[in-house]
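In what follows, a structure is listed as structure tokens, so that the remarks can point back to it.
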Amino acid sequence: MTVIVAKELTTALAALREHADARLIQGGTDLMVEINFNHVKPTTMVSLRDIEELRTIRTVTSGIMTIGSGVPYSVLEGEPVLSAIPALAQASRTVGSPQIRATGSLGGNLGTCSPAGDTLPVMFALDAMIHLNTLDSSRVVSIHDFMTGVKRSVRQHDEIITAIDFPVVNGWQGYSKVGVRNAMVISVASACLVADHENANVRIALGSVGPTIIRCRESEAWLKSVHDLSAGQSISLDVASEFGRRAAAESSPIDDHRSTAEYRRHAISVLASRLLRKAYQ
Ligand SMILES: Cc1cc2nc3c(=O)[nH]c(=O)nc-3n(C[C@H](O)[C@H](O)[C@H](O)COP(=O)(O)OP(=O)(O)OC[C@H]3O[C@@H](n4cnc5c(N)ncnc54)[C@H](O)[C@@H]3O)c2cc1C
């Protein structure tokens, strides 16, 4: 196997174009597992780890925080992300162990595109935008169009995910997950809720309960129709429970080795109603 350690983005992009079976590697926390189990056998690997521009966080004036695809979770857990996008910091803190968080990245979570990826519900709830580059072109794709199925996305072979744009929202946001134990666990069900006080709306996205992350647009619309969602309004237990029940109804879970569909639906109803209560305490 040949490993090309790129120092510049253009080197990595050129290598991708030249080698039809090349695989990108950032932290390697997903890809090395695949290789160890012989699920993939690339003859060329292109390492992105030394490309500085993929490891930067930029805040631009229009209320967008742009995070490089190679920034590790250990950085995303702290400032400036913690204050600007608290749900992303929370989701990052739940990923694997300190060793995994020291090297795993958003680019890898998007590259794998599992419905259990912890940062994906945050991207869906915040309407994040994904930057994709080739040697001679670039495009920006909404996360809603990026993920097309279980471990499937619109990314083409010669494209590198370079960064993710996260809108900075004025309001409360949170991420919660349920797993078979408290740490080092892939989620059985997860949810990210964003309460946008400025625009008086609530957005919720669910993980591990469908082939893609699910945005519960009907539950969001129902909530807006029954409650004033600006700041300072508390939510009754009845409204929160009904919101949880509706979010669970929009999920599409299956039975698998980690859990049952029935338990996942129950977990979603609890997560959604608790997150809503926290947002409007
Ligand atoms: C013990 C353990 C625990 C884990 N726990 C969790 C968990 O709790 N939650 C969770 O979500 N995940 C978990 N994971 C999975 C993994 O850590 C995450 O998905 C992580 O985000 C992968 O990032 P990475 O940089 O290591 O990706 P890599 O392994 O380097 O790459 C993963 C995939 O993405 C592609 N890729 C990487 N970077 C790019 C890019 N810039 N552009 C295009 N494609 C790219 C690669 O080609 C590969 O297909 C765990 C893994 C392990 C081994």
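Following the order of the structure tokens, chains are lettered A, B, ..., residues in each are numbered from 1, and ligands are numbered from 1.
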Within 8 Å of ligand 1 (only C-alpha atoms and all ligand atoms), residues as a ChimeraX atom specification: /A:23-33,48,54,69-70,72-73,92,94-97,100-101,103-114,116-119,132,155,159-163,183-187
Glu52 in chain A environment, 9 Å, only C-alpha atoms, sequence neighbours closer than 2 positions dropped, as a list of chain:residue names: A:Lys7, A:Glu8, A:Leu9, A:Leu48, A:Arg49, A:Asp50, A:Leu54, A:Arg55, A:Thr56, A:Gly70
Pull N, CA and C atoms from the residues just selected and write them as a short mmCIF file (atom, residue, chain, number, x, y, z; two decimals), in the first residue's frame.
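Output saved as result-v2.cif:
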```cif
data_model
loop_
_atom_site.label_atom_id
_atom_site.label_comp_id
_atom_site.auth_asym_id
_atom_site.auth_seq_id
_atom_site.Cartn_x
_atom_site.Cartn_y
_atom_site.Cartn_z
N LYS A 7 0.79 17.74 2.27
CA LYS A 7 0.97 18.94 3.13
C LYS A 7 0.06 20.06 2.63
N GLU A 8 -0.35 19.96 1.36
CA GLU A 8 -1.20 20.98 0.75
C GLU A 8 -2.45 20.31 0.22
N LEU A 9 -3.57 21.05 0.21
CA LEU A 9 -4.83 20.50 -0.29
C LEU A 9 -4.70 20.06 -1.75
N LEU A 48 -4.70 13.36 5.10
CA LEU A 48 -5.02 14.80 5.13
C LEU A 48 -4.52 15.46 6.42
N ARG A 49 -3.95 14.66 7.27
CA ARG A 49 -3.63 15.08 8.63
C ARG A 49 -2.71 16.30 8.71
N ASP A 50 -1.80 16.45 7.76
CA ASP A 50 -0.82 17.56 7.83
C ASP A 50 -1.27 18.79 7.06
N LEU A 54 -7.20 22.57 6.68
CA LEU A 54 -8.36 21.75 7.06
C LEU A 54 -8.57 21.75 8.58
N ARG A 55 -7.62 22.35 9.30
CA ARG A 55 -7.68 22.31 10.77
C ARG A 55 -7.91 23.68 11.38
N THR A 56 -8.63 24.54 10.62
CA THR A 56 -8.85 25.90 11.14
C THR A 56 -10.34 26.13 11.43
N GLY A 70 -10.90 18.83 9.20
CA GLY A 70 -9.92 18.03 9.95
C GLY A 70 -9.74 18.44 11.40
#
```
Selection: 6 Å around range 36-44 of chain A, only C-alpha atoms, excl. self and same-chain fewer than 5 positions, as a ChimeraX atom specification: /A:1-3,22
Output N, CA and C atoms for every residue in the selection just made, as a PDB file, in the first residue's frame.
```pdb
ATOM      1  N   MET A   1       0.841  -1.199   0.000  1.00  0.00           N
ATOM      2  CA  MET A   1       0.000   0.000   0.000  1.00  0.00           C
ATOM      3  C   MET A   1       0.885   1.261   0.000  1.00  0.00           C
ATOM      4  N   THR A   2       0.486   2.246  -0.809  1.00  0.00           N
ATOM      5  CA  THR A   2       1.208   3.528  -0.828  1.00  0.00           C
ATOM      6  C   THR A   2       0.433   4.535   0.003  1.00  0.00           C
ATOM      7  N   VAL A   3       1.147   5.271   0.850  1.00  0.00           N
ATOM      8  CA  VAL A   3       0.495   6.337   1.626  1.00  0.00           C
ATOM      9  C   VAL A   3       1.086   7.670   1.192  1.00  0.00           C
ATOM     10  N   ALA A  22      -7.953   5.417  -4.569  1.00  0.00           N
ATOM     11  CA  ALA A  22      -7.351   6.049  -3.380  1.00  0.00           C
ATOM     12  C   ALA A  22      -8.414   6.323  -2.319  1.00  0.00           C
TER      13      ALA A  22
END
```
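Of the listed residues A:Val270, A:Ala125, A:Ile254, A:Leu276, the one whose atoms come nearest to Arg217 in chain A is A:Ala125, with distances taken using only C-alpha atoms.
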Counting only C-alpha atoms, the residue of A:Ser137, A:Ser230, A:Ser208, A:Ser225 that sits nearest Asp256 in chain A: A:Ser208
Residue neighbourhood Ala87 in chain A, 8 Å, only C-alpha atoms, exclusion window fewer than 4 positions, as a VMD selection string: chain A and resid 82 91 122 173 to 175 192
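Distance-wise, CA of Gln233 in chain A and CA of Gln281 in chain A end up 7.9 Å apart.
Proximity of A:Leu223, A:Val150, A:Ile235, A:Ile130 to Pro211 in chain A, computed with only C-alpha atoms, is greatest for A:Val150.
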Filtered DSSP result for range 12-246 of chain A, state strand (DSSP E or B), as a PDB file with N, CA and C atoms, in the first residue's frame:
```pdb
ATOM      1  N   ARG A  23      -8.039   6.144  -1.057  1.00  0.00           N
ATOM      2  CA  ARG A  23      -8.936   6.482   0.057  1.00  0.00           C
ATOM      3  C   ARG A  23      -8.326   7.599   0.885  1.00  0.00           C
ATOM      4  N   LEU A  24      -9.158   8.552   1.259  1.00  0.00           N
ATOM      5  CA  LEU A  24      -8.696   9.640   2.132  1.00  0.00           C
ATOM      6  C   LEU A  24      -8.661   9.150   3.560  1.00  0.00           C
ATOM      7  N   ILE A  25      -7.681   9.623   4.311  1.00  0.00           N
ATOM      8  CA  ILE A  25      -7.652   9.314   5.741  1.00  0.00           C
ATOM      9  C   ILE A  25      -7.350  10.592   6.507  1.00  0.00           C
ATOM     10  N   THR A  44      -3.892   2.768  -2.369  1.00  0.00           N
ATOM     11  CA  THR A  44      -3.332   4.097  -2.110  1.00  0.00           C
ATOM     12  C   THR A  44      -4.159   4.799  -1.038  1.00  0.00           C
ATOM     13  N   MET A  45      -3.453   5.358  -0.059  1.00  0.00           N
ATOM     14  CA  MET A  45      -4.142   6.170   0.953  1.00  0.00           C
ATOM     15  C   MET A  45      -3.591   7.587   0.854  1.00  0.00           C
ATOM     16  N   VAL A  46      -4.488   8.563   0.981  1.00  0.00           N
ATOM     17  CA  VAL A  46      -4.066   9.965   0.951  1.00  0.00           C
ATOM     18  C   VAL A  46      -4.345  10.562   2.329  1.00  0.00           C
ATOM     19  N   SER A  47      -3.290  10.861   3.062  1.00  0.00           N
ATOM     20  CA  SER A  47      -3.448  11.397   4.412  1.00  0.00           C
ATOM     21  C   SER A  47      -3.635  12.912   4.373  1.00  0.00           C
ATOM     22  N   ILE A  57     -10.603  27.045  12.352  1.00  0.00           N
ATOM     23  CA  ILE A  57     -11.976  27.468  12.675  1.00  0.00           C
ATOM     24  C   ILE A  57     -12.052  28.964  12.407  1.00  0.00           C
ATOM     25  N   ARG A  58     -13.021  29.352  11.580  1.00  0.00           N
ATOM     26  CA  ARG A  58     -13.144  30.774  11.241  1.00  0.00           C
ATOM     27  C   ARG A  58     -14.551  31.269  11.557  1.00  0.00           C
ATOM     28  N   THR A  59     -14.649  32.444  12.184  1.00  0.00           N
ATOM     29  CA  THR A  59     -15.968  33.050  12.393  1.00  0.00           C
ATOM     30  C   THR A  59     -16.046  34.255  11.480  1.00  0.00           C
ATOM     31  N   VAL A  60     -17.018  34.251  10.608  1.00  0.00           N
ATOM     32  CA  VAL A  60     -17.159  35.411   9.728  1.00  0.00           C
ATOM     33  C   VAL A  60     -18.324  36.265  10.221  1.00  0.00           C
ATOM     34  N   ILE A  64     -21.833  33.059  10.749  1.00  0.00           N
ATOM     35  CA  ILE A  64     -21.512  31.682  10.344  1.00  0.00           C
ATOM     36  C   ILE A  64     -20.157  31.317  10.949  1.00  0.00           C
ATOM     37  N   MET A  65     -20.075  30.143  11.545  1.00  0.00           N
ATOM     38  CA  MET A  65     -18.766  29.637  11.962  1.00  0.00           C
ATOM     39  C   MET A  65     -18.376  28.538  10.972  1.00  0.00           C
ATOM     40  N   THR A  66     -17.219  28.700  10.339  1.00  0.00           N
ATOM     41  CA  THR A  66     -16.745  27.733   9.345  1.00  0.00           C
ATOM     42  C   THR A  66     -15.665  26.870   9.989  1.00  0.00           C
ATOM     43  N   ILE A  67     -15.939  25.574  10.056  1.00  0.00           N
ATOM     44  CA  ILE A  67     -15.021  24.663  10.757  1.00  0.00           C
ATOM     45  C   ILE A  67     -14.374  23.725   9.739  1.00  0.00           C
ATOM     46  N   GLY A  68     -13.055  23.685   9.737  1.00  0.00           N
ATOM     47  CA  GLY A  68     -12.309  22.819   8.832  1.00  0.00           C
ATOM     48  C   GLY A  68     -12.631  21.348   9.101  1.00  0.00           C
ATOM     49  N   PRO A  72     -10.046  18.227  15.103  1.00  0.00           N
ATOM     50  CA  PRO A  72     -10.438  17.063  15.911  1.00  0.00           C
ATOM     51  C   PRO A  72     -11.487  17.398  16.971  1.00  0.00           C
ATOM     52  N   SER A 105     -12.662  13.368  13.355  1.00  0.00           N
ATOM     53  CA  SER A 105     -13.000  14.691  12.815  1.00  0.00           C
ATOM     54  C   SER A 105     -14.408  14.726  12.211  1.00  0.00           C
ATOM     55  N   MET A 129     -23.927  23.735   5.992  1.00  0.00           N
ATOM     56  CA  MET A 129     -23.559  23.645   4.570  1.00  0.00           C
ATOM     57  C   MET A 129     -22.177  23.008   4.455  1.00  0.00           C
ATOM     58  N   ILE A 130     -22.033  22.098   3.496  1.00  0.00           N
ATOM     59  CA  ILE A 130     -20.793  21.324   3.361  1.00  0.00           C
ATOM     60  C   ILE A 130     -20.009  21.832   2.149  1.00  0.00           C
ATOM     61  N   HIS A 131     -18.738  22.156   2.368  1.00  0.00           N
ATOM     62  CA  HIS A 131     -17.856  22.604   1.265  1.00  0.00           C
ATOM     63  C   HIS A 131     -17.132  21.394   0.681  1.00  0.00           C
ATOM     64  N   LEU A 132     -17.264  21.220  -0.643  1.00  0.00           N
ATOM     65  CA  LEU A 132     -16.588  20.120  -1.343  1.00  0.00           C
ATOM     66  C   LEU A 132     -15.700  20.710  -2.432  1.00  0.00           C
ATOM     67  N   ASN A 133     -14.452  20.252  -2.481  1.00  0.00           N
ATOM     68  CA  ASN A 133     -13.512  20.783  -3.490  1.00  0.00           C
ATOM     69  C   ASN A 133     -12.929  19.663  -4.343  1.00  0.00           C
ATOM     70  N   SER A 138     -15.342  23.833  -7.038  1.00  0.00           N
ATOM     71  CA  SER A 138     -15.795  23.739  -5.651  1.00  0.00           C
ATOM     72  C   SER A 138     -17.313  23.892  -5.632  1.00  0.00           C
ATOM     73  N   ARG A 139     -17.940  23.295  -4.635  1.00  0.00           N
ATOM     74  CA  ARG A 139     -19.388  23.493  -4.475  1.00  0.00           C
ATOM     75  C   ARG A 139     -19.728  23.450  -2.995  1.00  0.00           C
ATOM     76  N   VAL A 140     -20.867  24.040  -2.664  1.00  0.00           N
ATOM     77  CA  VAL A 140     -21.337  24.048  -1.282  1.00  0.00           C
ATOM     78  C   VAL A 140     -22.720  23.403  -1.292  1.00  0.00           C
ATOM     79  N   VAL A 141     -22.868  22.334  -0.499  1.00  0.00           N
ATOM     80  CA  VAL A 141     -24.095  21.530  -0.538  1.00  0.00           C
ATOM     81  C   VAL A 141     -24.750  21.558   0.844  1.00  0.00           C
ATOM     82  N   SER A 142     -26.070  21.719   0.867  1.00  0.00           N
ATOM     83  CA  SER A 142     -26.789  21.658   2.142  1.00  0.00           C
ATOM     84  C   SER A 142     -26.651  20.244   2.710  1.00  0.00           C
ATOM     85  N   MET A 147     -26.431  13.955   2.602  1.00  0.00           N
ATOM     86  CA  MET A 147     -26.595  12.554   3.055  1.00  0.00           C
ATOM     87  C   MET A 147     -27.769  11.933   2.313  1.00  0.00           C
ATOM     88  N   THR A 148     -27.500  10.804   1.620  1.00  0.00           N
ATOM     89  CA  THR A 148     -28.572  10.222   0.798  1.00  0.00           C
ATOM     90  C   THR A 148     -29.036   8.857   1.309  1.00  0.00           C
ATOM     91  N   GLY A 149     -28.332   8.275   2.275  1.00  0.00           N
ATOM     92  CA  GLY A 149     -28.721   6.965   2.795  1.00  0.00           C
ATOM     93  C   GLY A 149     -27.708   6.491   3.805  1.00  0.00           C
ATOM     94  N   ARG A 152     -24.115   6.696   2.739  1.00  0.00           N
ATOM     95  CA  ARG A 152     -24.134   7.193   1.350  1.00  0.00           C
ATOM     96  C   ARG A 152     -24.264   8.718   1.344  1.00  0.00           C
ATOM     97  N   SER A 153     -23.530   9.325   0.388  1.00  0.00           N
ATOM     98  CA  SER A 153     -23.625  10.782   0.260  1.00  0.00           C
ATOM     99  C   SER A 153     -23.421  11.153  -1.206  1.00  0.00           C
ATOM    100  N   ILE A 160     -12.925  16.435  -1.943  1.00  0.00           N
ATOM    101  CA  ILE A 160     -12.564  16.430  -0.522  1.00  0.00           C
ATOM    102  C   ILE A 160     -13.516  17.380   0.206  1.00  0.00           C
ATOM    103  N   ILE A 161     -14.031  16.924   1.327  1.00  0.00           N
ATOM    104  CA  ILE A 161     -14.837  17.804   2.192  1.00  0.00           C
ATOM    105  C   ILE A 161     -13.826  18.711   2.895  1.00  0.00           C
ATOM    106  N   THR A 162     -13.925  20.007   2.627  1.00  0.00           N
ATOM    107  CA  THR A 162     -12.900  20.895   3.199  1.00  0.00           C
ATOM    108  C   THR A 162     -13.371  21.592   4.471  1.00  0.00           C
ATOM    109  N   ALA A 163     -14.649  21.926   4.537  1.00  0.00           N
ATOM    110  CA  ALA A 163     -15.136  22.675   5.706  1.00  0.00           C
ATOM    111  C   ALA A 163     -16.649  22.547   5.822  1.00  0.00           C
ATOM    112  N   ILE A 164     -17.146  22.938   6.981  1.00  0.00           N
ATOM    113  CA  ILE A 164     -18.592  22.928   7.233  1.00  0.00           C
ATOM    114  C   ILE A 164     -18.973  24.295   7.784  1.00  0.00           C
ATOM    115  N   ASP A 165     -20.027  24.904   7.207  1.00  0.00           N
ATOM    116  CA  ASP A 165     -20.548  26.191   7.708  1.00  0.00           C
ATOM    117  C   ASP A 165     -21.670  25.908   8.701  1.00  0.00           C
ATOM    118  N   PHE A 166     -21.529  26.435   9.908  1.00  0.00           N
ATOM    119  CA  PHE A 166     -22.583  26.317  10.927  1.00  0.00           C
ATOM    120  C   PHE A 166     -23.146  27.707  11.232  1.00  0.00           C
ATOM    121  N   PRO A 167     -24.451  27.937  10.979  1.00  0.00           N
ATOM    122  CA  PRO A 167     -25.043  29.203  11.409  1.00  0.00           C
ATOM    123  C   PRO A 167     -24.999  29.309  12.941  1.00  0.00           C
ATOM    124  N   GLY A 171     -30.145  31.586  20.802  1.00  0.00           N
ATOM    125  CA  GLY A 171     -31.140  30.792  21.520  1.00  0.00           C
ATOM    126  C   GLY A 171     -30.474  29.623  22.216  1.00  0.00           C
ATOM    127  N   TRP A 172     -31.286  28.615  22.550  1.00  0.00           N
ATOM    128  CA  TRP A 172     -30.748  27.457  23.286  1.00  0.00           C
ATOM    129  C   TRP A 172     -30.564  26.298  22.301  1.00  0.00           C
ATOM    130  N   GLN A 173     -29.562  25.465  22.522  1.00  0.00           N
ATOM    131  CA  GLN A 173     -29.417  24.244  21.712  1.00  0.00           C
ATOM    132  C   GLN A 173     -28.786  23.141  22.546  1.00  0.00           C
ATOM    133  N   GLY A 174     -29.149  21.908  22.226  1.00  0.00           N
ATOM    134  CA  GLY A 174     -28.590  20.797  22.988  1.00  0.00           C
ATOM    135  C   GLY A 174     -28.608  19.508  22.191  1.00  0.00           C
ATOM    136  N   TYR A 175     -27.716  18.590  22.594  1.00  0.00           N
ATOM    137  CA  TYR A 175     -27.620  17.276  21.937  1.00  0.00           C
ATOM    138  C   TYR A 175     -27.645  16.209  23.025  1.00  0.00           C
ATOM    139  N   SER A 176     -28.419  15.160  22.814  1.00  0.00           N
ATOM    140  CA  SER A 176     -28.457  14.038  23.771  1.00  0.00           C
ATOM    141  C   SER A 176     -28.460  12.736  23.009  1.00  0.00           C
ATOM    142  N   LYS A 177     -27.831  11.721  23.602  1.00  0.00           N
ATOM    143  CA  LYS A 177     -27.892  10.401  22.961  1.00  0.00           C
ATOM    144  C   LYS A 177     -28.115   9.312  23.990  1.00  0.00           C
ATOM    145  N   VAL A 178     -28.704   8.228  23.517  1.00  0.00           N
ATOM    146  CA  VAL A 178     -28.913   7.051  24.351  1.00  0.00           C
ATOM    147  C   VAL A 178     -28.082   5.934  23.753  1.00  0.00           C
ATOM    148  N   ALA A 189     -30.095   5.898  19.859  1.00  0.00           N
ATOM    149  CA  ALA A 189     -30.986   6.979  19.416  1.00  0.00           C
ATOM    150  C   ALA A 189     -30.347   8.284  19.868  1.00  0.00           C
ATOM    151  N   SER A 190     -30.499   9.326  19.055  1.00  0.00           N
ATOM    152  CA  SER A 190     -29.928  10.617  19.445  1.00  0.00           C
ATOM    153  C   SER A 190     -30.804  11.738  18.912  1.00  0.00           C
ATOM    154  N   ALA A 191     -30.655  12.923  19.502  1.00  0.00           N
ATOM    155  CA  ALA A 191     -31.455  14.069  19.051  1.00  0.00           C
ATOM    156  C   ALA A 191     -30.709  15.365  19.311  1.00  0.00           C
ATOM    157  N   CYS A 192     -30.852  16.282  18.376  1.00  0.00           N
ATOM    158  CA  CYS A 192     -30.337  17.632  18.564  1.00  0.00           C
ATOM    159  C   CYS A 192     -31.509  18.601  18.423  1.00  0.00           C
ATOM    160  N   LEU A 193     -31.688  19.472  19.423  1.00  0.00           N
ATOM    161  CA  LEU A 193     -32.766  20.464  19.360  1.00  0.00           C
ATOM    162  C   LEU A 193     -32.166  21.871  19.412  1.00  0.00           C
ATOM    163  N   VAL A 194     -32.647  22.714  18.509  1.00  0.00           N
ATOM    164  CA  VAL A 194     -32.195  24.112  18.455  1.00  0.00           C
ATOM    165  C   VAL A 194     -33.423  24.999  18.607  1.00  0.00           C
ATOM    166  N   ALA A 195     -33.411  25.850  19.630  1.00  0.00           N
ATOM    167  CA  ALA A 195     -34.496  26.823  19.819  1.00  0.00           C
ATOM    168  C   ALA A 195     -33.984  28.174  19.333  1.00  0.00           C
ATOM    169  N   ASP A 196     -34.517  28.629  18.222  1.00  0.00           N
ATOM    170  CA  ASP A 196     -34.076  29.891  17.621  1.00  0.00           C
ATOM    171  C   ASP A 196     -35.006  30.987  18.148  1.00  0.00           C
ATOM    172  N   ASN A 201     -38.654  29.807  16.430  1.00  0.00           N
ATOM    173  CA  ASN A 201     -38.924  28.443  15.962  1.00  0.00           C
ATOM    174  C   ASN A 201     -38.023  27.436  16.660  1.00  0.00           C
ATOM    175  N   VAL A 202     -38.424  26.172  16.578  1.00  0.00           N
ATOM    176  CA  VAL A 202     -37.635  25.075  17.156  1.00  0.00           C
ATOM    177  C   VAL A 202     -37.342  24.093  16.047  1.00  0.00           C
ATOM    178  N   ARG A 203     -36.098  23.594  16.023  1.00  0.00           N
ATOM    179  CA  ARG A 203     -35.733  22.589  15.014  1.00  0.00           C
ATOM    180  C   ARG A 203     -35.193  21.362  15.737  1.00  0.00           C
ATOM    181  N   ILE A 204     -35.607  20.201  15.265  1.00  0.00           N
ATOM    182  CA  ILE A 204     -35.112  18.976  15.904  1.00  0.00           C
ATOM    183  C   ILE A 204     -34.727  17.954  14.834  1.00  0.00           C
ATOM    184  N   ALA A 205     -33.560  17.313  15.044  1.00  0.00           N
ATOM    185  CA  ALA A 205     -33.072  16.283  14.117  1.00  0.00           C
ATOM    186  C   ALA A 205     -32.701  15.045  14.925  1.00  0.00           C
ATOM    187  N   LEU A 206     -33.005  13.882  14.350  1.00  0.00           N
ATOM    188  CA  LEU A 206     -32.826  12.610  15.062  1.00  0.00           C
ATOM    189  C   LEU A 206     -31.766  11.737  14.391  1.00  0.00           C
ATOM    190  N   GLY A 207     -30.962  11.051  15.213  1.00  0.00           N
ATOM    191  CA  GLY A 207     -29.965  10.127  14.681  1.00  0.00           C
ATOM    192  C   GLY A 207     -30.249   8.691  15.091  1.00  0.00           C
ATOM    193  N   ILE A 214     -33.002  12.367  10.535  1.00  0.00           N
ATOM    194  CA  ILE A 214     -34.382  12.784  10.241  1.00  0.00           C
ATOM    195  C   ILE A 214     -34.665  14.149  10.872  1.00  0.00           C
ATOM    196  N   ARG A 215     -35.054  15.117  10.051  1.00  0.00           N
ATOM    197  CA  ARG A 215     -35.546  16.405  10.573  1.00  0.00           C
ATOM    198  C   ARG A 215     -37.049  16.273  10.756  1.00  0.00           C
TER     199      ARG A 215
END
```
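Closest approach to Glu242 in chain A among A:Ala261, A:Ile85, A:Ala272, A:Leu13: A:Ala272, based on only C-alpha atoms.
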Spatial neighbours of Thr260 in chain A, 12 Å, only C-alpha atoms, chain gap at least 6 places, as a list in words: Val180, Val188, Ala189, Ser208, Val209, Ser252, Pro253, Ile254, His266 and Ala267 of chain A
CA of Asp228 in chain A to CA of Asn199 in chain A, straight-line distance in Å: 10.8 Å
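All residues of range 138-220 of chain A that DSSP, run on the backbone, classes as helix (DSSP H, G or I) are A:Ile143, A:His144, A:Asp145, A:Phe146, A:Arg217, A:Glu218, A:Ser219, A:Glu220.
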Spatial neighbours of Arg277 in chain A, 8 Å, only C-alpha atoms, chain gap at least 2 places, as a PyMOL selection string: chain A and resi 234-237+240+273-275+279-281
